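This report concerns only the one structure given below.
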Amino acid sequence: MAIQGAAPTELGTERIGTLLRKYAVPGIIAMVASSLYNMVDSIFIGHIPHVGAYAISGLAVTFPLMNLGTALGTLVGVGGQTMVSVLLGRRDYEGAQKVLGNVVSLNTILGILFSVVCLLYLDPILYFFGASENTLPFAREYMRIILLGNVFSHLYFGLNGIIRASGNPKTAMGLTIFTVTSNAILDPIFIYVLDMGIKGAAIATVLCQLMALAYTFKFFADKKNFLHFGRRVFQLDWKIARASLSIGMGPFLMHCASCVVSIFINQQLRKYGGDLSIGAYGIANRITFMFLMINLGFNQGMQPIASFNYGARLYTRVKEVFWLTAKWMCLMSVICFLVSELLTTPSVRLFTSDPEMIAKADNALRLMNIMVWSVGFGMVSGNFFQSLGMVRTSIFLSLTRQLLFLVPLVYMLPLWLGENGVWLSFPISDFLSVACAAIFIVRLFRKLDRLKDGDDPGILGSAV
C-alpha cells in the first residue's frame with residue numbers, strides 16, 4: 001500500500017519538466033474526461049429532431065443549478081480529501097477512516113436536502129435562472145431526474161476524491177473515464193432508440209454515476225485496503241465535519257460565484273437575445289470549457305511541485321515551474337483561440353444542426369474568445385499564489401474576472417450594444433483580469449529574485 005511520505009523528495013531533485021509531466025498528465029486526463037462528460041449530454045440533446053435548439057437552451061438554463069450542486073459537493077469533497085491526505089501522511093488510519101465516513105454522511109445529508117428544496121421550488125428556480133415558456137419544459141424534465149439522483153452524484157464525486165487522496169489516482173481516473181465512456185454509449189440509446197429525449201439524457205447520466213458509485217462502495221468495503229469502511233464509520237463527527245467544511249469553503253465560494261455569474265448572464269441573454277442566445281452561450285461555454293479544463297490539469301500538476309520547493313526554499317525551482325506551466329497553459333489558450341476563430345462553425349455543428357442556433361453560437365464563440373489566448377497566464381498566476389500559501393491573493397485573482405469585471409460589464413455593455421454587449425464582456429474582462437494578474441506576478445517575482453536558495457522567505461509575507 002502506497003503511503004505518502006518518501007516519494008515527494010523527488011519534487012526537490014528531479015527535473016522540473018519531468019515532474020510536471022508526471023504530475024500534470026493524470027490531472028489533465030481526469031479533467032478532459034470530466035469536461036467530455038459534461039459535453040456528451042449537450043451534443044446528443046442538441047440533435048434531438050424538431051426540438052434540439054430549445055432543448056439545448058433548456059439544458060443551458062440548468063447550468064447554474066448544476067454548478068450549485070457541484071459547489072455543495074466541493075464543500076464536502078475538497079475538505080475530506082485534504083484531511084485524508086494529511087492524516088495518511090501522519091499514518092493516522094483511524095482518523096482517515098472517520099473522515100471517510102463523514103464524507104459519506106455529509107454528502108448524503110446535503111445531497112438529499114439540496115434535492116428536496118430544489119424539487120419543491122424547481123419551476124421558480126429555473127425561471128430565475130433564465131428559463132422561458134419555451135425552454136422550461138426541457139429544463140424541468142432534465143433537472144427532475146438529475147435531482148432525484150443527486151445524492152448518488154454527491155457521493156460518487158466525494159468518494160472518488162478520497163480514492164485519489166488515498167494513493168490510488170489511477171483508480172480514480174479510471175472511474176472518471178468509465179463514466180464518460182458509458183454515458184456516451186447510453187445517451188443515444190436512451191435519447192434516440194428509446195425515444196426518451198432530454199429525459200433519457202438525464203437517466204443515462206444518473207445511471208452512469210450510480211454504476212461508478214457501486215464500484216466505489218465495493219472498493220471501500222474491501223478490508224484489504226488500508227482505508228475502508230468499518231464499524232460505526234458512518235457516524236457523523238461534528239468536529240471533523242466543521243474542519244472539513246472550513247477547508248472546502250474557499251472552492252465552495254468560487255463555485256457559488258460562478259453560479260451567480262451564470263444566472264446573471266442567462267438573464268441578460270434572455271432579455272437582449274432570447275432563448276436561443278442562452279443555448280448559444282451553453283455551446284460556446286462547453287467548447288471553451290474543454291481547453292480550460294486542460295489548463296486546470298496543468299495547474300494541478302504545478303501545485304505540489306511549487307509548494308514543495310517553496311517550502312524547501314528552492315526559489316530557482318519555484319520560478320522555473322511557474323514559467324514552464326505558464327508556457328504550456330498559454331499554448332493551450334492559443335489553441336482555444338484558433339479553434340474559436342478558425343474552426344467556429346465545425347465546432348458548433350457538433351452540438352446543433354439548427355441554422356439559427358448555429359449563427360448565434362458562431363457569433364458568441366468568436367466574440368467571447370477574442371482574448372482567450374491570454375487566459376492561461378491569469379489561471380496559472382492565481383494557482384501559483386495558492387501554491388505558495390498566499391490564499392487571499394489567490395482568491396482575489398480568481399474572483400476578479402467573474403465578479404469584479406464580468407458582472408458590471410455584462411450589465412452595462414448590452415445597454416449600448418444589445419446581445420453583442422454580453423459576448424464582448426468576456427474578452428474585456430479577460431484582458432483586465434490578466435493585466436491584474438500580471439501586476440501581482442511582477443511584484444512577486446521582484447521579491448523572489450532578491451532571494452537566494454535557502455534564504456528565509458519572510459520578505460514575501462503571507463500575501464502580495
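Every chain in the C-alpha cells has a letter given in the order shown (A, B, ...), and although residue numbers restart at 1 in each chain, ligands are simply numbered from 1 in the order shown.
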Backbone DSSP call of alpha helix (DSSP H) for range 29-229 of chain A, listed as number ranges by chain
A: 29-45, 52-61, 63-89, 93-120, 122-128, 136-148, 150-165, 169-188, 197-221
Which neighbours of range 179-192 of chain A fall inside 7 Å, counting only C-alpha atoms, when residues of the same chain fewer than 2 positions from it are skipped, and could you give them as a PDB file with N, CA and C atoms, in the first residue's frame?
ATOM      1  N   ALA A  33     -11.623  14.164 -19.282  1.00  0.00           N
ATOM      2  CA  ALA A  33     -12.722  13.209 -19.151  1.00  0.00           C
ATOM      3  C   ALA A  33     -13.936  13.873 -18.520  1.00  0.00           C
ATOM      4  N   LEU A  36     -15.560  16.196 -21.045  1.00  0.00           N
ATOM      5  CA  LEU A  36     -16.284  15.408 -22.045  1.00  0.00           C
ATOM      6  C   LEU A  36     -17.598  14.889 -21.480  1.00  0.00           C
ATOM      7  N   TYR A  37     -17.552  14.528 -20.210  1.00  0.00           N
ATOM      8  CA  TYR A  37     -18.764  14.042 -19.541  1.00  0.00           C
ATOM      9  C   TYR A  37     -19.857  15.101 -19.608  1.00  0.00           C
ATOM     10  N   VAL A  40     -21.111  15.565 -23.456  1.00  0.00           N
ATOM     11  CA  VAL A  40     -21.823  14.488 -24.146  1.00  0.00           C
ATOM     12  C   VAL A  40     -23.326  14.744 -24.174  1.00  0.00           C
ATOM     13  N   PHE A  44     -25.684  15.293 -27.725  1.00  0.00           N
ATOM     14  CA  PHE A  44     -26.804  14.440 -28.126  1.00  0.00           C
ATOM     15  C   PHE A  44     -28.147  15.165 -28.007  1.00  0.00           C
ATOM     16  N   LEU A 175     -12.291   5.438 -13.012  1.00  0.00           N
ATOM     17  CA  LEU A 175     -13.726   5.598 -12.764  1.00  0.00           C
ATOM     18  C   LEU A 175     -14.294   6.794 -13.540  1.00  0.00           C
ATOM     19  N   THR A 176     -13.514   7.876 -13.593  1.00  0.00           N
ATOM     20  CA  THR A 176     -13.959   9.050 -14.345  1.00  0.00           C
ATOM     21  C   THR A 176     -14.097   8.721 -15.827  1.00  0.00           C
ATOM     22  N   ILE A 177     -13.092   8.016 -16.371  1.00  0.00           N
ATOM     23  CA  ILE A 177     -13.134   7.626 -17.780  1.00  0.00           C
ATOM     24  C   ILE A 177     -14.312   6.676 -18.036  1.00  0.00           C
ATOM     25  N   LEU A 194     -34.738   4.609 -27.438  1.00  0.00           N
ATOM     26  CA  LEU A 194     -35.910   4.502 -26.559  1.00  0.00           C
ATOM     27  C   LEU A 194     -36.815   5.721 -26.645  1.00  0.00           C
ATOM     28  N   ASP A 195     -36.400   6.704 -27.464  1.00  0.00           N
ATOM     29  CA  ASP A 195     -37.209   7.905 -27.740  1.00  0.00           C
ATOM     30  C   ASP A 195     -37.620   8.630 -26.455  1.00  0.00           C
ATOM     31  N   MET A 196     -36.643   8.812 -25.544  1.00  0.00           N
ATOM     32  CA  MET A 196     -36.934   9.471 -24.270  1.00  0.00           C
ATOM     33  C   MET A 196     -36.484  10.925 -24.248  1.00  0.00           C
ATOM     34  N   GLY A 197     -35.831  11.387 -25.321  1.00  0.00           N
ATOM     35  CA  GLY A 197     -35.433  12.781 -25.404  1.00  0.00           C
ATOM     36  C   GLY A 197     -34.499  13.217 -24.290  1.00  0.00           C
ATOM     37  N   ILE A 198     -34.699  14.448 -23.844  1.00  0.00           N
ATOM     38  CA  ILE A 198     -33.820  15.034 -22.836  1.00  0.00           C
ATOM     39  C   ILE A 198     -33.906  14.283 -21.501  1.00  0.00           C
ATOM     40  N   GLY A 200     -34.109  11.084 -21.282  1.00  0.00           N
ATOM     41  CA  GLY A 200     -33.197   9.955 -21.443  1.00  0.00           C
ATOM     42  C   GLY A 200     -31.761  10.331 -21.150  1.00  0.00           C
ATOM     43  N   ALA A 201     -31.367  11.548 -21.528  1.00  0.00           N
ATOM     44  CA  ALA A 201     -30.005  12.010 -21.247  1.00  0.00           C
ATOM     45  C   ALA A 201     -29.767  12.087 -19.742  1.00  0.00           C
ATOM     46  N   ALA A 204     -29.480   8.521 -18.311  1.00  0.00           N
ATOM     47  CA  ALA A 204     -28.170   7.955 -18.635  1.00  0.00           C
ATOM     48  C   ALA A 204     -27.095   8.515 -17.719  1.00  0.00           C
ATOM     49  N   THR A 205     -27.147   9.815 -17.461  1.00  0.00           N
ATOM     50  CA  THR A 205     -26.156  10.470 -16.591  1.00  0.00           C
ATOM     51  C   THR A 205     -26.202   9.892 -15.179  1.00  0.00           C
ATOM     52  N   CYS A 208     -24.991   6.159 -15.028  1.00  0.00           N
ATOM     53  CA  CYS A 208     -23.535   6.022 -15.099  1.00  0.00           C
ATOM     54  C   CYS A 208     -22.879   6.327 -13.752  1.00  0.00           C
ATOM     55  N   GLN A 209     -23.351   7.379 -13.095  1.00  0.00           N
ATOM     56  CA  GLN A 209     -22.792   7.737 -11.794  1.00  0.00           C
ATOM     57  C   GLN A 209     -23.134   6.694 -10.738  1.00  0.00           C
ATOM     58  N   ALA A 212     -20.743   3.798 -11.205  1.00  0.00           N
ATOM     59  CA  ALA A 212     -19.424   4.154 -10.680  1.00  0.00           C
ATOM     60  C   ALA A 212     -19.440   4.170  -9.149  1.00  0.00           C
TER      61      ALA A 212
END
For Arg21 in chain A, which residue among A:Gly69, A:Gly301, A:Pro251, A:Gly149 is the nearest when counting only C-alpha atoms?
A:Gly301
At what distance in Å, to one decimal, does CA of Tyr127 in chain A lie from CA of Met143 in chain A?
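Interatomic distance here is 13.0 Å.
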Quick one: pull the distance between CA of Gly274 in chain A and CA of Ile287 in chain A, Å, one decimal.
20.9 Å
Near range 23-29 of chain A, counting only C-alpha atoms, which residues have an atom at most 6 Å away, once you skip same-chain residues fewer than 6 positions from it, shown as a PDB file with N, CA and C atoms, in the first residue's frame?
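This is the output file result-v5.pdb:
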ATOM      1  N   ILE A 294      -8.173  21.456 -19.434  1.00  0.00           N
ATOM      2  CA  ILE A 294      -6.788  21.017 -19.661  1.00  0.00           C
ATOM      3  C   ILE A 294      -5.834  21.906 -18.869  1.00  0.00           C
ATOM      4  N   GLY A 297      -5.744  20.970 -15.357  1.00  0.00           N
ATOM      5  CA  GLY A 297      -4.891  19.801 -15.157  1.00  0.00           C
ATOM      6  C   GLY A 297      -3.431  20.195 -14.991  1.00  0.00           C
ATOM      7  N   PHE A 298      -2.968  21.151 -15.806  1.00  0.00           N
ATOM      8  CA  PHE A 298      -1.597  21.662 -15.637  1.00  0.00           C
ATOM      9  C   PHE A 298      -1.446  22.322 -14.266  1.00  0.00           C
ATOM     10  N   GLY A 301      -0.926  19.794 -11.635  1.00  0.00           N
ATOM     11  CA  GLY A 301       0.431  19.255 -11.662  1.00  0.00           C
ATOM     12  C   GLY A 301       1.449  20.212 -11.071  1.00  0.00           C
TER      13      GLY A 301
END
Could you give me, as a PyMOL selection string, the residues within 12 Å of Ser258 in chain A, counting only C-alpha atoms and dropping anything in the same chain fewer than 2 positions from it?
chain A and resi 63-71+251-256+260-265+398-403+406-407
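Considering the residues A:Gly279, A:Leu350, A:Met412, A:Ile305 and counting only C-alpha atoms, Lys22 in chain A has its shortest atom-to-atom contact with A:Ile305.
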Find the residues near Ser381 in chain A: any atom within 12 Å, counting only C-alpha atoms, skip ones fewer than 2 places away on the same chain, and give them as a PDB file with C-alpha atoms, in the first residue's frame.
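Output file out.pdb follows:
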ATOM      1  CA  ASN A 295      -5.255  24.123 -18.111  1.00  0.00           C
ATOM      2  CA  LEU A 296      -6.697  23.132 -14.740  1.00  0.00           C
ATOM      3  CA  ASN A 299      -2.427  23.700 -12.530  1.00  0.00           C
ATOM      4  CA  MET A 302       2.191  22.504 -10.814  1.00  0.00           C
ATOM      5  CA  GLN A 303       0.765  22.925  -7.329  1.00  0.00           C
ATOM      6  CA  ALA A 306       5.722  24.719  -6.429  1.00  0.00           C
ATOM      7  CA  LYS A 319      10.255  30.188 -10.591  1.00  0.00           C
ATOM      8  CA  VAL A 321       7.918  25.531 -12.568  1.00  0.00           C
ATOM      9  CA  PHE A 322       5.825  28.699 -12.841  1.00  0.00           C
ATOM     10  CA  TRP A 323       7.242  29.720 -16.208  1.00  0.00           C
ATOM     11  CA  THR A 325       3.497  25.757 -16.568  1.00  0.00           C
ATOM     12  CA  ALA A 326       2.630  29.223 -17.884  1.00  0.00           C
ATOM     13  CA  LYS A 327       4.167  28.330 -21.268  1.00  0.00           C
ATOM     14  CA  MET A 329      -1.140  26.840 -20.398  1.00  0.00           C
ATOM     15  CA  CYS A 330      -0.685  29.811 -22.722  1.00  0.00           C
ATOM     16  CA  SER A 374      -4.222  35.262 -22.645  1.00  0.00           C
ATOM     17  CA  VAL A 375      -6.359  33.420 -20.079  1.00  0.00           C
ATOM     18  CA  GLY A 376      -3.768  30.709 -19.370  1.00  0.00           C
ATOM     19  CA  PHE A 377      -1.457  33.263 -17.766  1.00  0.00           C
ATOM     20  CA  GLY A 378      -4.207  34.512 -15.466  1.00  0.00           C
ATOM     21  CA  MET A 379      -5.153  30.982 -14.419  1.00  0.00           C
ATOM     22  CA  ASN A 383      -2.983  28.987  -8.671  1.00  0.00           C
ATOM     23  CA  PHE A 384       0.685  29.909  -8.157  1.00  0.00           C
ATOM     24  CA  PHE A 385      -0.178  32.223  -5.269  1.00  0.00           C
ATOM     25  CA  GLN A 386      -2.308  29.467  -3.746  1.00  0.00           C
ATOM     26  CA  SER A 387       0.629  27.046  -4.060  1.00  0.00           C
ATOM     27  CA  LEU A 388       2.817  29.451  -2.063  1.00  0.00           C
ATOM     28  CA  MET A 390      -0.837  33.312  -0.353  1.00  0.00           C
ATOM     29  CA  THR A 393      -4.211  36.979  -3.238  1.00  0.00           C
ATOM     30  CA  SER A 394      -5.183  33.722  -4.943  1.00  0.00           C
ATOM     31  CA  ILE A 395      -8.881  34.159  -4.094  1.00  0.00           C
ATOM     32  CA  PHE A 396      -8.776  37.807  -5.190  1.00  0.00           C
ATOM     33  CA  LEU A 397      -7.282  36.909  -8.580  1.00  0.00           C
ATOM     34  CA  SER A 398      -9.703  34.010  -9.009  1.00  0.00           C
ATOM     35  CA  SER A 433      -8.092  40.182 -15.107  1.00  0.00           C
ATOM     36  CA  VAL A 434      -4.899  39.039 -16.884  1.00  0.00           C
ATOM     37  CA  ALA A 435      -3.442  42.556 -16.595  1.00  0.00           C
ATOM     38  CA  CYS A 436      -4.270  42.480 -12.880  1.00  0.00           C
ATOM     39  CA  ALA A 437      -2.620  39.059 -12.501  1.00  0.00           C
ATOM     40  CA  ALA A 438       0.480  40.284 -14.348  1.00  0.00           C
ATOM     41  CA  ILE A 439       0.872  43.196 -11.907  1.00  0.00           C
ATOM     42  CA  PHE A 440       0.767  40.832  -8.914  1.00  0.00           C
ATOM     43  CA  ILE A 441       3.153  38.338 -10.544  1.00  0.00           C
ATOM     44  CA  VAL A 442       5.690  41.066 -11.408  1.00  0.00           C
ATOM     45  CA  ARG A 443       5.621  42.274  -7.794  1.00  0.00           C
ATOM     46  CA  LEU A 444       6.068  38.721  -6.501  1.00  0.00           C
ATOM     47  CA  PHE A 445       8.941  37.859  -8.840  1.00  0.00           C
TER      48      PHE A 445
END
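The space between CA of Trp423 in chain A and CA of Thr344 in chain A spans 14.9 Å.
In this comparison, which uses only C-alpha atoms, the residue of A:Trp373, A:Arg144, A:Pro355, A:Leu432 approaching Cys118 in chain A most closely is A:Arg144.
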At a cut-off of 9 Å, using only C-alpha atoms, what residues contact Met39 in chain A? Leave out same-chain residues fewer than 6 positions from it and give the result as a ChimeraX atom specification.
/A:283,286-287,290,351
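Here the question is which of A:Ile56, A:Ala221, A:Val104, A:Ala312 gets nearest to Ala361 in chain A using only C-alpha atoms, and that residue is A:Ile56.
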Which polymer residues have any atom within 8 Å of an atom of Leu100 in chain A, counting only C-alpha atoms, with same-chain residues fewer than 2 positions away left out, as a VMD selection string?
chain A and resid 80 84 96 to 98 102 to 104 159 162 229 233
